[in-house]
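Enquirer: What follows is model.pdb, PDB, C-alpha atoms.
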ATOM      1  CA  MET A 209      62.581 -15.730 -92.719
ATOM      2  CA  VAL A 210      62.409 -15.710 -96.451
ATOM      3  CA  LEU A 211      59.338 -15.864 -98.658
ATOM      4  CA  SER A 212      59.569 -18.897-100.921
ATOM      5  CA  PRO A 213      58.391 -18.753-104.544
ATOM      6  CA  ALA A 214      55.280 -20.644-103.444
ATOM      7  CA  ASP A 215      54.649 -18.080-100.701
ATOM      8  CA  LYS A 216      54.905 -15.246-103.187
ATOM      9  CA  THR A 217      52.516 -16.998-105.575
ATOM     10  CA  ASN A 218      50.020 -17.557-102.767
ATOM     11  CA  VAL A 219      50.181 -13.945-101.633
ATOM     12  CA  LYS A 220      49.857 -12.576-105.172
ATOM     13  CA  SER A 221      46.919 -14.785-106.084
ATOM     14  CA  THR A 222      45.157 -13.941-102.819
ATOM     15  CA  TRP A 223      45.606 -10.270-103.537
ATOM     16  CA  ASP A 224      44.283 -10.744-107.076
ATOM     17  CA  LYS A 225      41.155 -12.381-105.660
ATOM     18  CA  ILE A 226      40.682  -9.529-103.193
ATOM     19  CA  GLY A 227      40.629  -7.132-106.102
ATOM     20  CA  GLY A 228      38.979  -3.830-105.289
ATOM     21  CA  HIS A 229      37.887  -4.980-101.838
ATOM     22  CA  ALA A 230      41.282  -4.424-100.254
ATOM     23  CA  GLY A 231      40.321  -1.080 -98.721
ATOM     24  CA  GLU A 232      37.127  -2.504 -97.282
ATOM     25  CA  TYR A 233      39.003  -5.447 -95.777
ATOM     26  CA  GLY A 234      41.598  -3.083 -94.323
ATOM     27  CA  GLY A 235      38.864  -1.179 -92.545
ATOM     28  CA  GLU A 236      37.285  -4.371 -91.287
ATOM     29  CA  ALA A 237      40.616  -5.651 -89.996
ATOM     30  CA  LEU A 238      41.129  -2.406 -88.087
ATOM     31  CA  GLU A 239      37.646  -2.616 -86.603
ATOM     32  CA  ARG A 240      38.325  -6.177 -85.491
ATOM     33  CA  THR A 241      41.642  -5.070 -84.000
ATOM     34  CA  PHE A 242      40.054  -2.274 -81.975
ATOM     35  CA  ALA A 243      37.257  -4.541 -80.810
ATOM     36  CA  SER A 244      39.336  -7.576 -79.824
ATOM     37  CA  PHE A 245      42.367  -5.675 -78.590
ATOM     38  CA  PRO A 246      41.187  -2.390 -77.066
ATOM     39  CA  THR A 247      44.737  -1.418 -76.116
ATOM     40  CA  THR A 248      45.317  -0.704 -79.818
ATOM     41  CA  LYS A 249      42.823   2.140 -79.645
ATOM     42  CA  THR A 250      45.319   4.208 -77.687
ATOM     43  CA  TYR A 251      47.168   4.950 -80.925
ATOM     44  CA  PHE A 252      44.089   6.701 -82.321
ATOM     45  CA  PRO A 253      42.915   9.199 -79.716
ATOM     46  CA  HIS A 254      42.100  11.572 -82.580
ATOM     47  CA  PHE A 255      39.796   9.108 -84.374
ATOM     48  CA  ASP A 256      36.133   8.274 -84.157
ATOM     49  CA  LEU A 257      36.443   4.525 -83.579
ATOM     50  CA  SER A 258      32.755   3.690 -83.518
ATOM     51  CA  HIS A 259      31.349   1.055 -85.862
ATOM     52  CA  GLY A 260      31.212   2.310 -89.438
ATOM     53  CA  SER A 261      33.423   5.300 -88.753
ATOM     54  CA  ALA A 262      34.562   7.080 -91.897
ATOM     55  CA  GLN A 263      37.993   7.654 -90.364
ATOM     56  CA  VAL A 264      38.508   3.950 -89.724
ATOM     57  CA  LYS A 265      37.388   3.139 -93.271
ATOM     58  CA  ALA A 266      39.783   5.718 -94.694
ATOM     59  CA  HIS A 267      42.617   4.431 -92.559
ATOM     60  CA  GLY A 268      41.816   0.865 -93.549
ATOM     61  CA  LYS A 269      42.203   1.889 -97.173
ATOM     62  CA  LYS A 270      45.584   3.446 -96.410
ATOM     63  CA  VAL A 271      46.780   0.251 -94.745
ATOM     64  CA  ALA A 272      45.453  -1.850 -97.635
ATOM     65  CA  ASP A 273      47.117   0.351-100.243
ATOM     66  CA  ALA A 274      50.437   0.000 -98.437
ATOM     67  CA  LEU A 275      50.010  -3.777 -98.394
ATOM     68  CA  THR A 276      49.085  -3.800-102.089
ATOM     69  CA  ASN A 277      52.300  -1.915-102.767
ATOM     70  CA  ALA A 278      54.207  -4.434-100.655
ATOM     71  CA  VAL A 279      52.679  -7.324-102.641
ATOM     72  CA  ALA A 280      53.924  -5.698-105.835
ATOM     73  CA  HIS A 281      57.452  -5.481-104.418
ATOM     74  CA  MET A 282      57.843  -8.678-102.461
ATOM     75  CA  ASP A 283      61.428  -9.016-103.663
ATOM     76  CA  ASP A 284      62.368  -5.749-102.031
ATOM     77  CA  LEU A 285      60.136  -5.050 -99.059
ATOM     78  CA  PRO A 286      62.677  -2.854 -97.255
ATOM     79  CA  GLY A 287      62.954  -0.659-100.328
ATOM     80  CA  ALA A 288      59.231  -0.461-101.034
ATOM     81  CA  LEU A 289      58.330   0.216 -97.400
ATOM     82  CA  SER A 290      61.265   2.459 -96.529
ATOM     83  CA  ALA A 291      59.230   5.644 -96.007
ATOM     84  CA  LEU A 292      56.624   3.809 -93.944
ATOM     85  CA  SER A 293      59.417   2.228 -91.956
ATOM     86  CA  ASP A 294      60.798   5.682 -91.132
ATOM     87  CA  LEU A 295      57.305   6.896 -90.213
ATOM     88  CA  HIS A 296      56.749   4.029 -87.788
ATOM     89  CA  ALA A 297      60.219   4.335 -86.309
ATOM     90  CA  TYR A 298      60.439   8.057 -85.732
ATOM     91  CA  LYS A 299      56.852   9.258 -85.471
ATOM     92  CA  LEU A 300      54.235   6.600 -84.870
ATOM     93  CA  ARG A 301      56.313   4.242 -82.687
ATOM     94  CA  VAL A 302      53.636   1.583 -82.626
ATOM     95  CA  ASP A 303      54.741  -1.108 -80.191
ATOM     96  CA  PRO A 304      55.824  -4.108 -82.274
ATOM     97  CA  VAL A 305      53.411  -6.392 -80.473
ATOM     98  CA  ASN A 306      50.547  -4.606 -82.185
ATOM     99  CA  PHE A 307      51.682  -5.630 -85.642
ATOM    100  CA  LYS A 308      50.946  -9.228 -84.700
ATOM    101  CA  LEU A 309      47.477  -8.237 -83.541
ATOM    102  CA  LEU A 310      46.663  -6.391 -86.770
ATOM    103  CA  SER A 311      48.169  -9.214 -88.849
ATOM    104  CA  HIS A 312      45.956 -11.692 -87.017
ATOM    105  CA  CYS A 313      42.874  -9.569 -87.750
ATOM    106  CA  LEU A 314      43.852  -9.212 -91.399
ATOM    107  CA  LEU A 315      44.102 -12.984 -91.677
ATOM    108  CA  VAL A 316      40.753 -13.460 -89.973
ATOM    109  CA  THR A 317      39.154 -10.920 -92.304
ATOM    110  CA  LEU A 318      40.576 -12.643 -95.369
ATOM    111  CA  ALA A 319      39.481 -16.039 -94.070
ATOM    112  CA  CYS A 320      35.961 -14.727 -93.597
ATOM    113  CA  HIS A 321      35.669 -13.304 -97.072
ATOM    114  CA  HIS A 322      37.558 -15.982 -99.015
ATOM    115  CA  PRO A 323      37.132 -19.223 -97.079
ATOM    116  CA  ALA A 324      37.693 -21.489-100.052
ATOM    117  CA  GLU A 325      41.027 -19.916-100.920
ATOM    118  CA  PHE A 326      42.225 -19.661 -97.316
ATOM    119  CA  THR A 327      43.821 -23.100 -97.205
ATOM    120  CA  PRO A 328      46.475 -23.888 -94.582
ATOM    121  CA  ALA A 329      49.231 -23.306 -97.131
ATOM    122  CA  VAL A 330      47.835 -19.940 -98.208
ATOM    123  CA  HIS A 331      47.280 -19.008 -94.570
ATOM    124  CA  ALA A 332      50.910 -19.785 -93.785
ATOM    125  CA  SER A 333      52.172 -17.776 -96.759
ATOM    126  CA  LEU A 334      50.070 -14.751 -95.823
ATOM    127  CA  ASP A 335      51.187 -14.987 -92.216
ATOM    128  CA  LYS A 336      54.820 -15.046 -93.336
ATOM    129  CA  PHE A 337      54.175 -12.083 -95.636
ATOM    130  CA  PHE A 338      52.582  -9.997 -92.872
ATOM    131  CA  SER A 339      55.460 -10.968 -90.557
ATOM    132  CA  ALA A 340      57.952  -9.813 -93.146
ATOM    133  CA  VAL A 341      56.100  -6.507 -93.578
ATOM    134  CA  SER A 342      55.929  -6.042 -89.792
ATOM    135  CA  THR A 343      59.642  -6.708 -89.480
ATOM    136  CA  VAL A 344      60.423  -4.029 -92.070
ATOM    137  CA  LEU A 345      58.123  -1.518 -90.376
ATOM    138  CA  THR A 346      59.857  -2.015 -87.024
ATOM    139  CA  SER A 347      63.404  -2.396 -88.331
ATOM    140  CA  LYS A 348      64.470   1.196 -87.683
ATOM    141  CA  TYR A 349      63.079   1.514 -84.159
ATOM    142  CA  ARG A 350      66.513   1.245 -82.625
TER     143      ARG A 350
ATOM    144  CA  MET B  12      67.588  -3.980 -87.180
ATOM    145  CA  SER B  13      71.330  -3.784 -87.183
ATOM    146  CA  LEU B  14      74.049  -2.866 -84.741
ATOM    147  CA  THR B  15      75.588   0.591 -84.862
ATOM    148  CA  LYS B  16      79.367   0.970 -84.803
ATOM    149  CA  ALA B  17      79.215   2.019 -81.174
ATOM    150  CA  GLU B  18      77.159  -1.010 -80.262
ATOM    151  CA  ARG B  19      79.544  -3.308 -82.046
ATOM    152  CA  THR B  20      82.442  -1.794 -80.083
ATOM    153  CA  VAL B  21      80.633  -2.268 -76.775
ATOM    154  CA  ILE B  22      79.916  -5.901 -77.512
ATOM    155  CA  LEU B  23      83.423  -6.702 -78.676
ATOM    156  CA  SER B  24      85.018  -5.061 -75.663
ATOM    157  CA  MET B  25      82.642  -6.600 -73.159
ATOM    158  CA  TRP B  26      83.077  -9.994 -74.759
ATOM    159  CA  ASP B  27      86.717 -10.060 -73.745
ATOM    160  CA  LYS B  28      85.618  -9.825 -70.134
ATOM    161  CA  ILE B  29      82.652 -12.151 -70.528
ATOM    162  CA  SER B  30      84.681 -14.879 -72.153
ATOM    163  CA  THR B  31      86.826 -15.165 -69.032
ATOM    164  CA  GLN B  32      83.726 -16.377 -67.181
ATOM    165  CA  ALA B  33      81.909 -17.827 -70.153
ATOM    166  CA  ASP B  34      80.943 -21.169 -68.693
ATOM    167  CA  ALA B  35      79.705 -19.743 -65.402
ATOM    168  CA  ILE B  36      77.628 -17.150 -67.206
ATOM    169  CA  GLY B  37      76.069 -19.678 -69.555
ATOM    170  CA  THR B  38      75.262 -22.060 -66.747
ATOM    171  CA  GLN B  39      73.776 -19.339 -64.582
ATOM    172  CA  ALA B  40      71.647 -17.985 -67.427
ATOM    173  CA  LEU B  41      70.166 -21.428 -67.957
ATOM    174  CA  GLU B  42      69.606 -21.841 -64.226
ATOM    175  CA  ARG B  43      67.727 -18.556 -64.138
ATOM    176  CA  LEU B  44      65.733 -19.578 -67.202
ATOM    177  CA  PHE B  45      64.570 -22.881 -65.748
ATOM    178  CA  ALA B  46      63.814 -21.289 -62.381
ATOM    179  CA  SER B  47      61.850 -18.278 -63.630
ATOM    180  CA  TYR B  48      60.236 -19.966 -66.611
ATOM    181  CA  PRO B  49      59.701 -23.628 -65.743
ATOM    182  CA  GLN B  50      57.946 -24.289 -69.028
ATOM    183  CA  THR B  51      61.357 -24.066 -70.715
ATOM    184  CA  LYS B  52      62.383 -27.247 -68.924
ATOM    185  CA  THR B  53      60.139 -29.234 -71.235
ATOM    186  CA  TYR B  54      62.811 -29.012 -73.916
ATOM    187  CA  PHE B  55      65.251 -30.926 -71.715
ATOM    188  CA  PRO B  56      63.505 -34.079 -70.504
ATOM    189  CA  HIS B  57      66.800 -35.893 -70.935
ATOM    190  CA  PHE B  58      68.799 -33.553 -68.683
ATOM    191  CA  ASP B  59      69.479 -33.334 -64.979
ATOM    192  CA  LEU B  60      68.469 -29.713 -64.455
ATOM    193  CA  HIS B  61      69.570 -29.318 -60.863
ATOM    194  CA  PRO B  62      71.791 -26.255 -60.388
ATOM    195  CA  GLY B  63      75.414 -27.272 -60.788
ATOM    196  CA  SER B  64      74.656 -30.482 -62.647
ATOM    197  CA  ALA B  65      77.133 -31.600 -65.279
ATOM    198  CA  HIS B  66      74.417 -31.309 -67.950
ATOM    199  CA  MET B  67      73.790 -27.699 -67.018
ATOM    200  CA  ARG B  68      77.463 -26.798 -67.047
ATOM    201  CA  VAL B  69      78.122 -28.449 -70.381
ATOM    202  CA  HIS B  70      75.069 -26.948 -72.018
ATOM    203  CA  GLY B  71      75.676 -23.498 -70.569
ATOM    204  CA  ALA B  72      79.197 -23.601 -71.963
ATOM    205  CA  LYS B  73      77.825 -24.632 -75.376
ATOM    206  CA  VAL B  74      75.382 -21.736 -75.482
ATOM    207  CA  VAL B  75      78.000 -19.126 -74.598
ATOM    208  CA  ALA B  76      80.505 -20.655 -77.032
ATOM    209  CA  ALA B  77      77.932 -20.208 -79.797
ATOM    210  CA  LEU B  78      77.424 -16.584 -78.764
ATOM    211  CA  GLY B  79      81.192 -16.207 -78.944
ATOM    212  CA  GLU B  80      81.091 -17.410 -82.553
ATOM    213  CA  ALA B  81      78.448 -14.812 -83.287
ATOM    214  CA  VAL B  82      80.556 -12.088 -81.652
ATOM    215  CA  LYS B  83      83.601 -13.126 -83.692
ATOM    216  CA  SER B  84      81.561 -12.780 -86.891
ATOM    217  CA  ILE B  85      79.463  -9.908 -85.691
ATOM    218  CA  ASP B  86      79.042  -8.585 -89.225
ATOM    219  CA  ASN B  87      77.786 -11.919 -90.481
ATOM    220  CA  ILE B  88      75.943 -13.600 -87.665
ATOM    221  CA  GLY B  89      73.740 -15.393 -90.180
ATOM    222  CA  GLY B  90      76.719 -17.083 -91.729
ATOM    223  CA  ALA B  91      78.387 -17.931 -88.426
ATOM    224  CA  LEU B  92      75.253 -19.555 -87.007
ATOM    225  CA  ALA B  93      73.934 -21.204 -90.178
ATOM    226  CA  LYS B  94      74.325 -24.745 -88.827
ATOM    227  CA  LEU B  95      72.743 -23.847 -85.485
ATOM    228  CA  SER B  96      69.942 -22.193 -87.402
ATOM    229  CA  GLU B  97      69.227 -25.448 -89.207
ATOM    230  CA  LEU B  98      69.470 -27.421 -85.977
ATOM    231  CA  HIS B  99      66.859 -25.210 -84.343
ATOM    232  CA  ALA B 100      64.633 -25.222 -87.415
ATOM    233  CA  TYR B 101      64.576 -28.888 -88.295
ATOM    234  CA  ILE B 102      65.408 -30.719 -85.083
ATOM    235  CA  LEU B 103      65.090 -28.693 -81.893
ATOM    236  CA  ARG B 104      62.142 -26.511 -82.928
ATOM    237  CA  VAL B 105      62.299 -24.357 -79.801
ATOM    238  CA  ASP B 106      59.315 -22.021 -79.861
ATOM    239  CA  PRO B 107      60.593 -18.525 -80.693
ATOM    240  CA  VAL B 108      59.107 -17.040 -77.537
ATOM    241  CA  ASN B 109      61.719 -18.903 -75.520
ATOM    242  CA  PHE B 110      64.580 -17.061 -77.184
ATOM    243  CA  LYS B 111      63.327 -13.862 -75.574
ATOM    244  CA  LEU B 112      63.249 -15.577 -72.202
ATOM    245  CA  LEU B 113      66.798 -16.910 -72.517
ATOM    246  CA  SER B 114      68.004 -13.551 -73.855
ATOM    247  CA  HIS B 115      66.507 -11.865 -70.815
ATOM    248  CA  CYS B 116      68.248 -14.311 -68.488
ATOM    249  CA  LEU B 117      71.560 -13.840 -70.291
ATOM    250  CA  LEU B 118      71.247 -10.067 -69.908
ATOM    251  CA  VAL B 119      70.453 -10.370 -66.228
ATOM    252  CA  THR B 120      73.408 -12.691 -65.708
ATOM    253  CA  VAL B 121      75.843 -10.458 -67.593
ATOM    254  CA  ALA B 122      74.516  -7.426 -65.696
ATOM    255  CA  SER B 123      75.042  -9.134 -62.376
ATOM    256  CA  HIS B 124      78.619 -10.109 -63.277
ATOM    257  CA  PHE B 125      79.627  -6.786 -64.802
ATOM    258  CA  PRO B 126      77.429  -4.113 -63.220
ATOM    259  CA  ALA B 127      79.796  -1.252 -63.920
ATOM    260  CA  ASP B 128      79.970  -2.064 -67.627
ATOM    261  CA  PHE B 129      76.272  -2.761 -68.075
ATOM    262  CA  THR B 130      75.217   0.819 -68.741
ATOM    263  CA  ALA B 131      71.932   1.599 -70.496
ATOM    264  CA  ASP B 132      73.767   1.792 -73.813
ATOM    265  CA  ALA B 133      75.534  -1.516 -73.231
ATOM    266  CA  HIS B 134      72.210  -3.058 -72.255
ATOM    267  CA  THR B 135      70.670  -1.878 -75.533
ATOM    268  CA  ALA B 136      73.611  -3.182 -77.542
ATOM    269  CA  TRP B 137      73.403  -6.628 -75.937
ATOM    270  CA  ASP B 138      69.643  -6.769 -76.280
ATOM    271  CA  LYS B 139      69.869  -5.955 -79.980
ATOM    272  CA  PHE B 140      72.670  -8.458 -80.463
ATOM    273  CA  LEU B 141      70.725 -11.262 -78.781
ATOM    274  CA  SER B 142      67.636 -10.297 -80.804
ATOM    275  CA  ILE B 143      69.630 -10.664 -83.989
ATOM    276  CA  VAL B 144      70.984 -14.041 -82.852
ATOM    277  CA  SER B 145      67.443 -15.174 -81.986
ATOM    278  CA  CYS B 146      66.203 -14.063 -85.414
ATOM    279  CA  VAL B 147      68.947 -16.029 -87.125
ATOM    280  CA  LEU B 148      68.186 -19.139 -85.097
ATOM    281  CA  THR B 149      64.485 -19.016 -85.986
ATOM    282  CA  GLU B 150      64.645 -17.821 -89.574
ATOM    283  CA  LYS B 151      64.483 -21.241 -91.184
ATOM    284  CA  TYR B 152      61.489 -22.446 -89.163
ATOM    285  CA  ARG B 153      59.213 -21.874 -92.103
TER     286      ARG B 153
END
Before we go any further, please render this structure as structure tokens.

Expert:
Amino acid sequence: MVLSPADKTNVKSTWDKIGGHAGEYGGEALERTFASFPTTKTYFPHFDLSHGSAQVKAHGKKVADALTNAVAHMDDLPGALSALSDLHAYKLRVDPVNFKLLSHCLLVTLACHHPAEFTPAVHASLDKFFSAVSTVLTSKYR
Amino acid sequence: MSLTKAERTVILSMWDKISTQADAIGTQALERLFASYPQTKTYFPHFDLHPGSAHMRVHGAKVVAALGEAVKSIDNIGGALAKLSELHAYILRVDPVNFKLLSHCLLVTVASHFPADFTADAHTAWDKFLSIVSCVLTEKYR
């Protein structure tokens, strides 16, 4: 799967609109993930996962920053995400199925906050982008 | 995800054996697929899907022949299966989840025909190989 020029434009302009809210949306997406898909909580036994938790907010910002970096390097996702890819492969070992769950929650979060921009075409581009990121993060598992 | 040298060797050496029973293996994999996962039959309304039918034998042979092409060009599966990739993207549009089901059935069939060769390492190599083939066949979907 390759991101078309239109996909890249859609992803970039969405990210521009998000502006400084990326961290906040990251936290919200995580909260949605833990609420809708409780199995994902097993990866965070060391976190306070209650509503409004500072740890979840901080982690959401981490995730968002990584995605912002990915947006800036859409022509070379494997390169830009190489260290994170190693981390997920050798340390975190998050089951690949969970990337789909988090991606879904990210899309829902974005749709909630930017309904006018979240057209079917933009939705598709973002879904492809998150799929591409997920693929890179699981590419070194085996 | 890519195949290690060792995995490539396993696949190439096992393929010599597999190709001697290629048609039977393809047919049996499809039979297992339709039996265990009846929803996959919906893609073949025009076929007689009874075990041993001519349709099943011909199609099973086709599938394994395509895998043989991928094995022959194991360093460039994308190139070898480009036409099949387009066929699946623009005409067949088989939902990606079904590739996992067929891959599973192929692995089971190969394991049952070559139990001594199907070690844990060989199993991993074949699973990765079929994952790569499945990725190639679905990469042009969107």

Enquirer: Closest to chain A among B:Ala127, B:Ala100, B:Val69, B:Leu118, using all atoms listed in the file?

Expert: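 Residue with the minimum atom-to-atom distance to chain A: B:Ala100.
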
Enquirer: May I have the residues within 12 Å of His281 of chain A as a list in words, using all atoms listed in the file and disregarding those fewer than 4 positions away in the same chain?

Expert: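 Answer for this query is Lys216, Val219, Lys220, Ala274, Leu275, Thr276, Asn277, Leu285, Pro286, Gly287, Ala288, Leu289, Ser290, Phe337 and Val341 of chain A.
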
Enquirer: Determine, counting all atoms listed in the file, which protein, DNA and RNA residues have an atom within 7 Å of an atom of segment 129-145 of chain B; residues of the same chain fewer than 5 positions away are not included. Present the result as JSON, numbers by chain.

Expert: {"B": [18, 21, 22, 88, 110, 114, 122]}

Enquirer: Spell out the residues picked by the PyMOL selection byres ((chain A) within 10 of (chain B)) here, as a PyMOL selection string.

Expert: chain A and resi 209-212+332-333+336+343-344+346-350

Enquirer: Using Å and a single decimal, report how far atom CA of Thr241 of chain A sits from atom CA of Asp335 of chain A.

Expert: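 We find that atom CA of Asp335 of chain A and atom CA of Thr241 of chain A lie 16.0 Å from each other.
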
Enquirer: Using the chain letters and numbers from the file, give me the residues hit by the PyMOL selection byres ((chain A and resi 225-237) around 6), as an MDAnalysis selection string.

Expert: chainID A and resid 222:224 238:240 264:265 268:269 272 313:314 317

Enquirer: Would you mind reading off the distance between atom CA of Ala40 of chain B and atom CA of Leu117 of chain B, one decimal, in Å?

Expert: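 According to the coordinates, atom CA of Ala40 of chain B and atom CA of Leu117 of chain B are separated by 5.0 Å.
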
Enquirer: By how many Å are atom CA of Asp283 of chain A and atom CA of Arg19 of chain B apart?

Expert: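 Between atom CA of Asp283 of chain A and atom CA of Arg19 of chain B the gap is 28.8 Å.
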
Enquirer: Quick check on the file I pasted: which residues fall under the PyMOL selection byres ((chain B and resi 124) around 12)? Write them as a VMD selection string.

Expert: chain B and resid 25 28 to 33 35 to 37 39 to 40 117 to 123 125 to 129

Enquirer: Could you list, as a list in words, every residue within 7 Å of Arg68 of chain B, counting all atoms listed in the file and ignoring same-chain residues fewer than 4 positions away?

Expert: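 Once the adjacent positions are removed, what remains is Asp34, Thr38, Gly63, Ser64 and Ala72 of chain B.
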
Enquirer: Which one of B:Val82, B:Ala76, B:Ala93, B:Leu148 sits closest to Ser24 of chain B if you count all atoms listed in the file?

Expert: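 Using all atoms listed in the file, the shortest distance to Ser24 of chain B belongs to B:Val82.
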
Enquirer: Go through B:Ser84, B:Lys16, B:Leu112, B:Ala77 one by one, measure the shortest atom-to-atom distance of each to Arg43 of chain B using all atoms listed in the file, and give the residue with the smallest value.

Expert: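 Of B:Ser84, B:Lys16, B:Leu112, B:Ala77, the one nearest Arg43 of chain B is B:Leu112, counting all atoms listed in the file.
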
Enquirer: Would you kindly return, as number ranges by chain, each protein, DNA or RNA residue with an atom no farther than 12 Å from any atom of Thr250 of chain A, considering only C-alpha atoms and excluding same-chain residues fewer than 6 positions away?

Expert: A: 241-242, 256-257, 300, 302-303, 306

Enquirer: Mind working out the centre and edge lengths of an axis-aligned box for segment 280-284 of chain A, all listed atoms inside, 6 Å added to each side, rounded to one decimal in Å and written as JSON?

Expert:
{"center_x": 58.1, "center_y": -7.2, "center_z": -103.9, "size_x": 20.4, "size_y": 15.5, "size_z": 15.8}
